[in-house]
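Text of coords.pdb (PDB, C-alpha atoms and all ligand atoms) as supplied:
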```
ATOM      1  CA  MET A   5     192.429  87.381 132.769
ATOM      2  CA  ARG A   6     191.554  90.917 131.670
ATOM      3  CA  SER A   7     194.685  92.411 133.325
ATOM      4  CA  GLY A   8     196.748  89.703 131.605
ATOM      5  CA  GLN A   9     195.227  90.746 128.301
ATOM      6  CA  ALA A  10     195.939  94.435 128.959
ATOM      7  CA  PHE A  11     199.554  93.580 129.813
ATOM      8  CA  GLY A  12     199.814  91.469 126.659
ATOM      9  CA  GLU A  13     198.567  94.363 124.558
ATOM     10  CA  LEU A  14     201.236  96.652 126.023
ATOM     11  CA  VAL A  15     204.058  94.210 125.358
ATOM     12  CA  PHE A  16     202.892  92.845 121.994
ATOM     13  CA  PRO A  17     201.744  95.290 119.316
ATOM     14  CA  HIS A  18     198.248  94.979 117.832
ATOM     15  CA  ARG A  19     197.798  92.754 114.829
ATOM     16  CA  CYS A  20     194.836  92.374 112.497
ATOM     17  CA  LEU A  21     192.669  89.498 113.752
ATOM     18  CA  GLY A  22     191.922  88.506 110.158
ATOM     19  CA  CYS A  23     195.384  88.407 108.539
ATOM     20  CA  GLY A  24     197.958  89.184 111.211
ATOM     21  CA  LEU A  25     199.075  92.503 109.689
ATOM     22  CA  LEU A  26     200.483  94.951 112.254
ATOM     23  CA  GLY A  27     198.096  97.761 113.092
ATOM     24  CA  GLU A  28     194.378  97.854 113.822
ATOM     25  CA  GLN A  29     192.187  95.032 115.201
ATOM     26  CA  LEU A  30     191.005  94.570 111.604
ATOM     27  CA  CYS A  31     192.928  96.036 108.655
ATOM     28  CA  THR A  32     190.981  97.834 105.902
ATOM     29  CA  ARG A  33     191.050  94.726 103.696
ATOM     30  CA  CYS A  34     189.692  92.371 106.378
ATOM     31  CA  LEU A  35     187.173  94.954 107.548
ATOM     32  CA  VAL A  36     185.355  94.459 104.220
ATOM     33  CA  SER A  37     184.547  90.899 105.409
ATOM     34  CA  TRP A  38     183.399  92.121 108.826
ATOM     35  CA  ASN A  39     180.723  94.456 107.576
ATOM     36  CA  CYS A  40     177.594  94.734 109.738
ATOM     37  CA  LEU A  41     174.411  94.300 107.682
ATOM     38  CA  PRO A  42     170.839  93.468 108.681
ATOM     39  CA  LEU A  43     170.695  89.746 107.766
ATOM     40  CA  LEU A  44     167.638  87.570 108.263
ATOM     41  CA  THR A  45     167.337  83.795 107.979
ATOM     42  CA  HIS A  46     164.826  81.183 109.120
ATOM     43  CA  VAL A  47     165.345  77.960 111.030
ATOM     44  CA  ASN A  48     162.003  76.230 110.570
ATOM     45  CA  GLU A  49     159.599  78.814 111.990
ATOM     46  CA  LEU A  50     162.274  80.581 114.062
ATOM     47  CA  VAL A  51     163.480  83.921 112.651
ATOM     48  CA  VAL A  52     167.217  84.523 113.088
ATOM     49  CA  TYR A  53     168.684  88.050 113.003
ATOM     50  CA  SER A  54     172.420  88.306 112.291
ATOM     51  CA  ALA A  55     174.906  91.022 111.340
ATOM     52  CA  ILE A  56     177.946  89.415 109.688
ATOM     53  CA  MET A  57     178.222  87.012 106.771
ATOM     54  CA  TYR A  58     180.550  84.155 107.794
ATOM     55  CA  SER A  59     183.929  84.238 106.018
ATOM     56  CA  PRO A  60     187.520  83.196 106.754
ATOM     57  CA  VAL A  61     188.007  86.559 108.496
ATOM     58  CA  ALA A  62     184.829  86.092 110.590
ATOM     59  CA  SER A  63     185.966  82.586 111.483
ATOM     60  CA  ARG A  64     189.308  83.947 112.774
ATOM     61  CA  VAL A  65     187.564  86.659 114.816
ATOM     62  CA  LEU A  66     185.258  84.084 116.455
ATOM     63  CA  LEU A  67     188.174  81.742 117.165
ATOM     64  CA  ALA A  68     190.299  84.569 118.593
ATOM     65  CA  ALA A  69     187.485  85.378 121.036
ATOM     66  CA  LYS A  70     186.428  81.827 121.858
ATOM     67  CA  GLU A  71     189.696  79.959 122.035
ATOM     68  CA  ASN A  72     192.198  82.724 122.836
ATOM     69  CA  GLY A  73     190.079  85.156 124.880
ATOM     70  CA  ILE A  74     191.245  88.186 122.871
ATOM     71  CA  LEU A  75     189.363  91.237 124.105
ATOM     72  CA  THR A  76     189.353  93.120 120.777
ATOM     73  CA  ALA A  77     187.663  90.084 119.164
ATOM     74  CA  ASP A  78     185.061  90.036 121.960
ATOM     75  CA  ASN A  79     184.420  93.727 121.282
ATOM     76  CA  LEU A  80     183.828  93.121 117.563
ATOM     77  CA  ILE A  81     181.349  90.332 118.375
ATOM     78  CA  VAL A  82     179.517  92.479 120.942
ATOM     79  CA  ASP A  83     179.199  95.285 118.363
ATOM     80  CA  ALA A  84     177.896  92.854 115.704
ATOM     81  CA  MET A  85     175.398  91.382 118.167
ATOM     82  CA  ARG A  86     174.146  94.870 119.068
ATOM     83  CA  GLN A  87     173.550  95.590 115.384
ATOM     84  CA  ALA A  88     171.752  92.260 114.955
ATOM     85  CA  ILE A  89     169.482  92.827 117.965
ATOM     86  CA  ALA A  90     168.380  96.295 116.794
ATOM     87  CA  ARG A  91     165.373  94.990 114.837
ATOM     88  CA  PRO A  92     163.944  92.607 117.487
ATOM     89  CA  ARG A  93     164.582  95.337 120.075
ATOM     90  CA  MET A  94     162.371  97.648 118.019
ATOM     91  CA  ASP A  95     159.666  94.968 117.591
ATOM     92  CA  TYR A  96     159.562  93.479 121.110
ATOM     93  CA  GLY A  97     161.144  96.119 123.399
ATOM     94  CA  THR A  98     163.596  94.952 126.037
ATOM     95  CA  SER A  99     161.275  92.750 128.111
ATOM     96  CA  PRO A 100     162.169  89.332 126.563
ATOM     97  CA  LEU A 101     164.929  87.473 128.343
ATOM     98  CA  LEU A 102     168.168  86.924 126.399
ATOM     99  CA  VAL A 103     169.109  83.250 126.695
ATOM    100  CA  PRO A 104     172.583  82.235 125.451
ATOM    101  CA  ILE A 105     173.218  78.831 123.899
ATOM    102  CA  PRO A 106     175.229  77.009 126.578
ATOM    103  CA  SER A 107     178.788  75.869 125.980
ATOM    104  CA  GLN A 108     179.693  72.362 127.037
ATOM    105  CA  ARG A 109     181.397  72.118 130.415
ATOM    106  CA  HIS A 110     184.682  70.843 128.964
ATOM    107  CA  ALA A 111     184.806  73.843 126.582
ATOM    108  CA  ILE A 112     184.267  76.294 129.476
ATOM    109  CA  ARG A 113     187.052  74.585 131.451
ATOM    110  CA  LYS A 114     189.413  74.701 128.476
ATOM    111  CA  ARG A 115     188.691  78.362 127.698
ATOM    112  CA  GLY A 116     188.727  79.416 131.319
ATOM    113  CA  ARG A 117     185.452  81.269 130.837
ATOM    114  CA  ASP A 118     181.928  81.041 129.504
ATOM    115  CA  PHE A 119     182.535  82.916 126.232
ATOM    116  CA  LEU A 120     178.944  83.325 125.021
ATOM    117  CA  GLY A 121     177.608  83.946 128.532
ATOM    118  CA  GLU A 122     180.026  86.884 128.881
ATOM    119  CA  ILE A 123     179.173  88.285 125.434
ATOM    120  CA  THR A 124     175.418  87.994 126.138
ATOM    121  CA  THR A 125     175.793  89.737 129.512
ATOM    122  CA  ARG A 126     177.629  92.644 127.864
ATOM    123  CA  VAL A 127     175.037  92.968 125.063
ATOM    124  CA  ALA A 128     172.160  92.755 127.564
ATOM    125  CA  GLY A 129     173.737  95.458 129.751
ATOM    126  CA  LEU A 130     174.357  97.811 126.821
ATOM    127  CA  GLU A 131     170.917  97.278 125.249
ATOM    128  CA  GLY A 132     168.831  97.191 128.446
ATOM    129  CA  PHE A 133     167.777  93.512 128.359
ATOM    130  CA  SER A 134     167.874  90.963 131.164
ATOM    131  CA  THR A 135     169.709  87.719 130.575
ATOM    132  CA  ARG A 136     169.697  84.314 132.218
ATOM    133  CA  ASP A 137     171.891  81.310 131.523
ATOM    134  CA  LEU A 138     168.902  78.950 131.537
ATOM    135  CA  LEU A 139     169.953  76.034 129.353
ATOM    136  CA  LEU A 140     172.114  73.074 130.219
ATOM    137  CA  HIS A 141     173.517  70.134 128.228
ATOM    138  CA  ARG A 142     172.085  66.917 129.545
ATOM    139  CA  ARG A 143     174.781  64.859 127.834
ATOM    140  CA  ARG A 144     178.069  65.384 126.060
ATOM    141  CA  ILE A 145     177.558  65.987 122.338
ATOM    142  CA  LYS A 146     179.937  65.287 119.454
ATOM    143  CA  ASP A 147     181.906  68.109 117.801
ATOM    144  CA  GLN A 148     179.503  69.512 115.218
ATOM    145  CA  SER A 149     181.979  71.104 112.830
ATOM    146  CA  MET A 150     182.297  68.141 110.465
ATOM    147  CA  LEU A 151     178.663  66.980 110.617
ATOM    148  CA  ASP A 152     176.072  67.669 107.925
ATOM    149  CA  ALA A 153     172.663  69.153 108.714
ATOM    150  CA  GLN A 154     170.902  65.854 109.392
ATOM    151  CA  SER A 155     173.685  64.462 111.603
ATOM    152  CA  ARG A 156     173.687  67.711 113.585
ATOM    153  CA  HIS A 157     169.984  67.371 114.279
ATOM    154  CA  SER A 158     170.338  63.793 115.528
ATOM    155  CA  ASN A 159     173.484  64.672 117.506
ATOM    156  CA  LEU A 160     171.594  67.433 119.332
ATOM    157  CA  HIS A 161     168.153  65.827 119.618
ATOM    158  CA  ASN A 162     166.843  66.253 123.184
ATOM    159  CA  SER A 163     170.291  67.366 124.384
ATOM    160  CA  LEU A 164     169.270  70.560 126.216
ATOM    161  CA  VAL A 165     167.217  71.047 129.380
ATOM    162  CA  LEU A 166     166.307  74.009 131.565
ATOM    163  CA  LYS A 167     168.405  74.534 134.709
ATOM    164  CA  GLU A 168     165.535  76.192 136.492
ATOM    165  CA  ASN A 169     161.989  77.087 135.693
ATOM    166  CA  ILE A 170     160.907  79.612 138.246
ATOM    167  CA  LEU A 171     160.913  82.768 136.181
ATOM    168  CA  ARG A 172     158.048  85.163 135.700
ATOM    169  CA  VAL A 173     159.375  86.194 132.281
ATOM    170  CA  ARG A 174     157.987  83.810 129.658
ATOM    171  CA  GLU A 175     159.381  85.330 126.470
ATOM    172  CA  ALA A 176     162.899  84.588 125.282
ATOM    173  CA  ILE A 177     165.338  85.588 122.555
ATOM    174  CA  LEU A 178     168.044  82.990 121.876
ATOM    175  CA  ILE A 179     171.632  84.188 121.502
ATOM    176  CA  ASP A 180     174.498  82.453 119.677
ATOM    177  CA  ASP A 181     177.742  83.577 118.034
ATOM    178  CA  LEU A 182     177.087  81.773 114.728
ATOM    179  CA  VAL A 183     174.186  80.043 112.969
ATOM    180  CA  THR A 184     174.938  77.428 110.306
ATOM    181  CA  THR A 185     172.345  74.652 109.969
ATOM    182  CA  GLY A 186     170.284  76.022 112.874
ATOM    183  CA  ALA A 187     170.303  72.629 114.631
ATOM    184  CA  THR A 188     171.500  74.115 117.930
ATOM    185  CA  LEU A 189     168.970  76.955 117.847
ATOM    186  CA  SER A 190     166.167  74.483 117.030
ATOM    187  CA  GLU A 191     167.075  72.276 119.965
ATOM    188  CA  ALA A 192     167.321  75.269 122.344
ATOM    189  CA  SER A 193     163.982  76.558 121.098
ATOM    190  CA  ARG A 194     162.396  73.134 121.666
ATOM    191  CA  ALA A 195     163.716  72.974 125.257
ATOM    192  CA  LEU A 196     162.431  76.465 126.095
ATOM    193  CA  LYS A 197     159.046  75.926 124.483
ATOM    194  CA  GLU A 198     158.591  72.625 126.288
ATOM    195  CA  ALA A 199     159.056  74.568 129.532
ATOM    196  CA  GLY A 200     156.328  77.017 128.511
ATOM    197  CA  PHE A 201     158.432  79.817 127.028
ATOM    198  CA  SER A 202     157.554  81.684 123.917
ATOM    199  CA  VAL A 203     160.717  81.954 121.774
ATOM    200  CA  LEU A 204     160.348  85.202 119.832
ATOM    201  CA  CYS A 205     163.445  84.915 117.625
ATOM    202  CA  ALA A 206     167.164  84.242 117.713
ATOM    203  CA  VAL A 207     170.051  86.684 117.379
ATOM    204  CA  THR A 208     173.560  85.701 116.251
ATOM    205  CA  ALA A 209     176.651  87.729 115.411
ATOM    206  CA  CYS A 210     177.393  85.708 112.238
ATOM    207  CA  VAL A 211     175.447  83.609 109.730
ATOM    208  CA  ALA A 212     176.968  80.919 107.498
ATOM    209  CA  GLN A 213     175.681  79.066 104.484
ATOM    210  CA  PRO A 214     174.607  75.730 105.941
ATOM    211  CA  LEU A 215     176.153  72.395 104.894
ATOM    212  CA  ARG A 216     173.569  70.313 103.091
TER
HETATM  213 ZN    ZN A 301     193.739  91.987 107.916
END
```

Would you mind writing the file's structure down as structure tokens?
Amino acid sequence: MRSGQAFGELVFPHRCLGCGLLGEQLCTRCLVSWNCLPLLTHVNELVVYSAIMYSPVASRVLLAAKENGILTADNLIVDAMRQAIARPRMDYGTSPLLVPIPSQRHAIRKRGRDFLGEITTRVAGLEGFSTRDLLLHRRRIKDQSMLDAQSRHSNLHNSLVLKENILRVREAILIDDLVTTGATLSEASRALKEAGFSVLCAVTACVAQPLR
């Protein structure tokens, strides 16, 4: 896949991921919307650290990485995640385990890879954390994009379980690409806590204004 991408980049010139303009991965205009800031939100009692305010440009970067496997988009997300994890890294050190939100099996098959698992592994390696893909969907869930906050909570209720529970590490930081209503992070936090983990916080690349 990676060699295919490299070949593609030789044959096809770079275009801005935000607007398609020839040139850099993000042109100067789109770069304004992909500006890393220390952003902090709460999902119930869970603190969420993020770096990028969601926008049409951010949406295109996430889609380019998730659905099209574009390496430059992955790189932008890894950089944003590293910025977002700086504060919890300072507060907790690198001993908590980074646990990515799992993708559904059909999404992994369609994409040909576990997008968030790969991003989390890269961030963990660069920042000195350990990571483990601990969570698993126990049933297929509906597409969340058109659901409001309450429907998301009921759609996800009790949907995640732990794959294994044999670890000595008992502290976790949840990782996702985007937080909107926080329903997914809440459900993941519930599953980990039920298995005896302490969930210290969550870290996401982007944060969106939730649908009410
Ligand atoms: Zn642009």

Box centre and edge lengths (Å, one decimal), axis-aligned, region 103-118 of chain A plus 8 Å each side, as AutoDock Vina command-line options:
```
--center_x 179.3 --center_y 77.0 --center_z 127.7 --size_x 36.3 --size_y 28.4 --size_z 23.6
```

Selection in question (the file shown): the PyMOL selection byres (((chain A and resi 62) around 12) and not hetatm). Which residues does it include, as a ChimeraX atom specification? /A:20-23,30,34-40,55-61,63-69,77,80-81,84,181-182,209-212

Check which residues satisfy the PyMOL selection byres (((chain A and resi 193-206) around 10) and not hetatm) in the file shown, then give them as a short mmCIF file (atom, residue, chain, number, x, y, z; two decimals) with C-alpha atoms, keeping the file's coordinate frame.
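Generated output (expr.cif):
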```cif
data_model
loop_
_atom_site.label_atom_id
_atom_site.label_comp_id
_atom_site.auth_asym_id
_atom_site.auth_seq_id
_atom_site.Cartn_x
_atom_site.Cartn_y
_atom_site.Cartn_z
CA THR A 45 167.34 83.80 107.98
CA HIS A 46 164.83 81.18 109.12
CA VAL A 47 165.34 77.96 111.03
CA GLU A 49 159.60 78.81 111.99
CA LEU A 50 162.27 80.58 114.06
CA VAL A 51 163.48 83.92 112.65
CA VAL A 52 167.22 84.52 113.09
CA TYR A 53 168.68 88.05 113.00
CA SER A 54 172.42 88.31 112.29
CA ALA A 88 171.75 92.26 114.96
CA ILE A 89 169.48 92.83 117.96
CA PRO A 92 163.94 92.61 117.49
CA TYR A 96 159.56 93.48 121.11
CA PRO A 100 162.17 89.33 126.56
CA LEU A 101 164.93 87.47 128.34
CA LEU A 102 168.17 86.92 126.40
CA VAL A 103 169.11 83.25 126.70
CA PRO A 104 172.58 82.24 125.45
CA ILE A 105 173.22 78.83 123.90
CA LEU A 138 168.90 78.95 131.54
CA LEU A 139 169.95 76.03 129.35
CA LEU A 140 172.11 73.07 130.22
CA HIS A 161 168.15 65.83 119.62
CA ASN A 162 166.84 66.25 123.18
CA SER A 163 170.29 67.37 124.38
CA LEU A 164 169.27 70.56 126.22
CA VAL A 165 167.22 71.05 129.38
CA LEU A 166 166.31 74.01 131.56
CA GLU A 168 165.54 76.19 136.49
CA ASN A 169 161.99 77.09 135.69
CA LEU A 171 160.91 82.77 136.18
CA VAL A 173 159.38 86.19 132.28
CA ARG A 174 157.99 83.81 129.66
CA GLU A 175 159.38 85.33 126.47
CA ALA A 176 162.90 84.59 125.28
CA ILE A 177 165.34 85.59 122.56
CA LEU A 178 168.04 82.99 121.88
CA ILE A 179 171.63 84.19 121.50
CA ASP A 180 174.50 82.45 119.68
CA VAL A 183 174.19 80.04 112.97
CA ALA A 187 170.30 72.63 114.63
CA THR A 188 171.50 74.11 117.93
CA LEU A 189 168.97 76.96 117.85
CA SER A 190 166.17 74.48 117.03
CA GLU A 191 167.08 72.28 119.96
CA ALA A 192 167.32 75.27 122.34
CA VAL A 207 170.05 86.68 117.38
CA THR A 208 173.56 85.70 116.25
#
```

Give me, as a PyMOL selection string, all polymer residues having an atom no more than 12 Å from Asp152 (chain A), counting only C-alpha atoms and skipping those fewer than 3 positions away in the same chain. chain A and resi 147-149+155-159+184-187+213-216

Please identify all polymer residues within 8 Å of Gly121 (chain A), counting all atoms listed in the file, omitting same-chain residues fewer than 2 positions from it, and present them as a PyMOL selection string. chain A and resi 104+106+118-119+123-125+137

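Evaluated against this file, the PyMOL selection byres (((chain A and resi 130) around 12) and not hetatm) yields Val82, Asp83, Met85, Arg86, Gln87, Ile89, Ala90, Thr98, Ile123, Thr124, Thr125, Arg126, Val127, Ala128, Gly129, Glu131, Gly132, Phe133, Ser134 and Thr135 of chain A.
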
Separation of CA of Gln108 (chain A) from CA of His141 (chain A), in Å and rounded to one decimal: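 Computed distance, CA of Gln108 (chain A) to CA of His141 (chain A), equals 6.7 Å.
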
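CA of Arg144 (chain A) to CA of Ser107 (chain A) spans 10.5 Å [interatomic distance, one decimal].
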
Provide the CA of Thr32 (chain A) to atom ZN of ligand ZN 301 (chain A) distance in Å, to one decimal place. 6.8 Å

Between A:Gln154, A:Ser99, A:Gln29, A:Asn79, which one has atoms that come closest to ligand ZN 301 (chain A), using all atoms listed in the file?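 Selected residue with least distance to ligand ZN 301 (chain A): A:Gln29.
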
Please rebuild region 182-203 of chain A with N, CA and C atoms and give the result as a JSON list (two decimals), in the frame of the given file.
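In the end it all went to result_14.json:
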```json
[["chain", "number", "residue", "atom", "x", "y", "z"],
["A", 182, "LEU", "N", 177.15, 82.12, 116.15],
["A", 182, "LEU", "CA", 177.09, 81.77, 114.73],
["A", 182, "LEU", "C", 175.93, 80.82, 114.48],
["A", 183, "VAL", "N", 175.18, 81.04, 113.38],
["A", 183, "VAL", "CA", 174.19, 80.04, 112.97],
["A", 183, "VAL", "C", 174.64, 79.45, 111.64],
["A", 184, "THR", "N", 174.63, 78.11, 111.58],
["A", 184, "THR", "CA", 174.94, 77.43, 110.31],
["A", 184, "THR", "C", 173.71, 76.64, 109.87],
["A", 185, "THR", "N", 173.55, 75.41, 110.35],
["A", 185, "THR", "CA", 172.34, 74.65, 109.97],
["A", 185, "THR", "C", 171.14, 75.05, 110.81],
["A", 186, "GLY", "N", 171.37, 75.66, 111.97],
["A", 186, "GLY", "CA", 170.28, 76.02, 112.87],
["A", 186, "GLY", "C", 169.90, 74.89, 113.81],
["A", 187, "ALA", "N", 170.65, 73.78, 113.79],
["A", 187, "ALA", "CA", 170.30, 72.63, 114.63],
["A", 187, "ALA", "C", 170.36, 72.99, 116.12],
["A", 188, "THR", "N", 171.37, 73.75, 116.51],
["A", 188, "THR", "CA", 171.50, 74.11, 117.93],
["A", 188, "THR", "C", 170.36, 75.04, 118.35],
["A", 189, "LEU", "N", 170.06, 76.03, 117.51],
["A", 189, "LEU", "CA", 168.97, 76.96, 117.85],
["A", 189, "LEU", "C", 167.64, 76.22, 117.92],
["A", 190, "SER", "N", 167.41, 75.27, 117.00],
["A", 190, "SER", "CA", 166.17, 74.48, 117.03],
["A", 190, "SER", "C", 166.03, 73.72, 118.33],
["A", 191, "GLU", "N", 167.11, 73.08, 118.75],
["A", 191, "GLU", "CA", 167.08, 72.28, 119.96],
["A", 191, "GLU", "C", 166.84, 73.17, 121.19],
["A", 192, "ALA", "N", 167.51, 74.34, 121.22],
["A", 192, "ALA", "CA", 167.32, 75.27, 122.34],
["A", 192, "ALA", "C", 165.89, 75.79, 122.38],
["A", 193, "SER", "N", 165.35, 76.07, 121.19],
["A", 193, "SER", "CA", 163.98, 76.56, 121.10],
["A", 193, "SER", "C", 163.00, 75.49, 121.59],
["A", 194, "ARG", "N", 163.25, 74.25, 121.21],
["A", 194, "ARG", "CA", 162.40, 73.13, 121.67],
["A", 194, "ARG", "C", 162.39, 73.04, 123.20],
["A", 195, "ALA", "N", 163.61, 73.11, 123.80],
["A", 195, "ALA", "CA", 163.72, 72.97, 125.26],
["A", 195, "ALA", "C", 162.97, 74.11, 125.97],
["A", 196, "LEU", "N", 163.11, 75.32, 125.46],
["A", 196, "LEU", "CA", 162.43, 76.46, 126.10],
["A", 196, "LEU", "C", 160.92, 76.38, 125.93],
["A", 197, "LYS", "N", 160.49, 76.01, 124.73],
["A", 197, "LYS", "CA", 159.05, 75.93, 124.48],
["A", 197, "LYS", "C", 158.41, 74.84, 125.35],
["A", 198, "GLU", "N", 159.12, 73.72, 125.48],
["A", 198, "GLU", "CA", 158.59, 72.62, 126.29],
["A", 198, "GLU", "C", 158.39, 73.06, 127.74],
["A", 199, "ALA", "N", 159.19, 74.06, 128.16],
["A", 199, "ALA", "CA", 159.06, 74.57, 129.53],
["A", 199, "ALA", "C", 158.07, 75.74, 129.59],
["A", 200, "GLY", "N", 157.37, 76.00, 128.50],
["A", 200, "GLY", "CA", 156.33, 77.02, 128.51],
["A", 200, "GLY", "C", 156.75, 78.39, 128.03],
["A", 201, "PHE", "N", 157.98, 78.52, 127.55],
["A", 201, "PHE", "CA", 158.43, 79.82, 127.03],
["A", 201, "PHE", "C", 157.92, 80.05, 125.62],
["A", 202, "SER", "N", 157.78, 81.32, 125.30],
["A", 202, "SER", "CA", 157.55, 81.68, 123.92],
["A", 202, "SER", "C", 158.90, 82.20, 123.38],
["A", 203, "VAL", "N", 159.42, 81.54, 122.34],
["A", 203, "VAL", "CA", 160.72, 81.95, 121.77],
["A", 203, "VAL", "C", 160.43, 82.91, 120.62]]
```
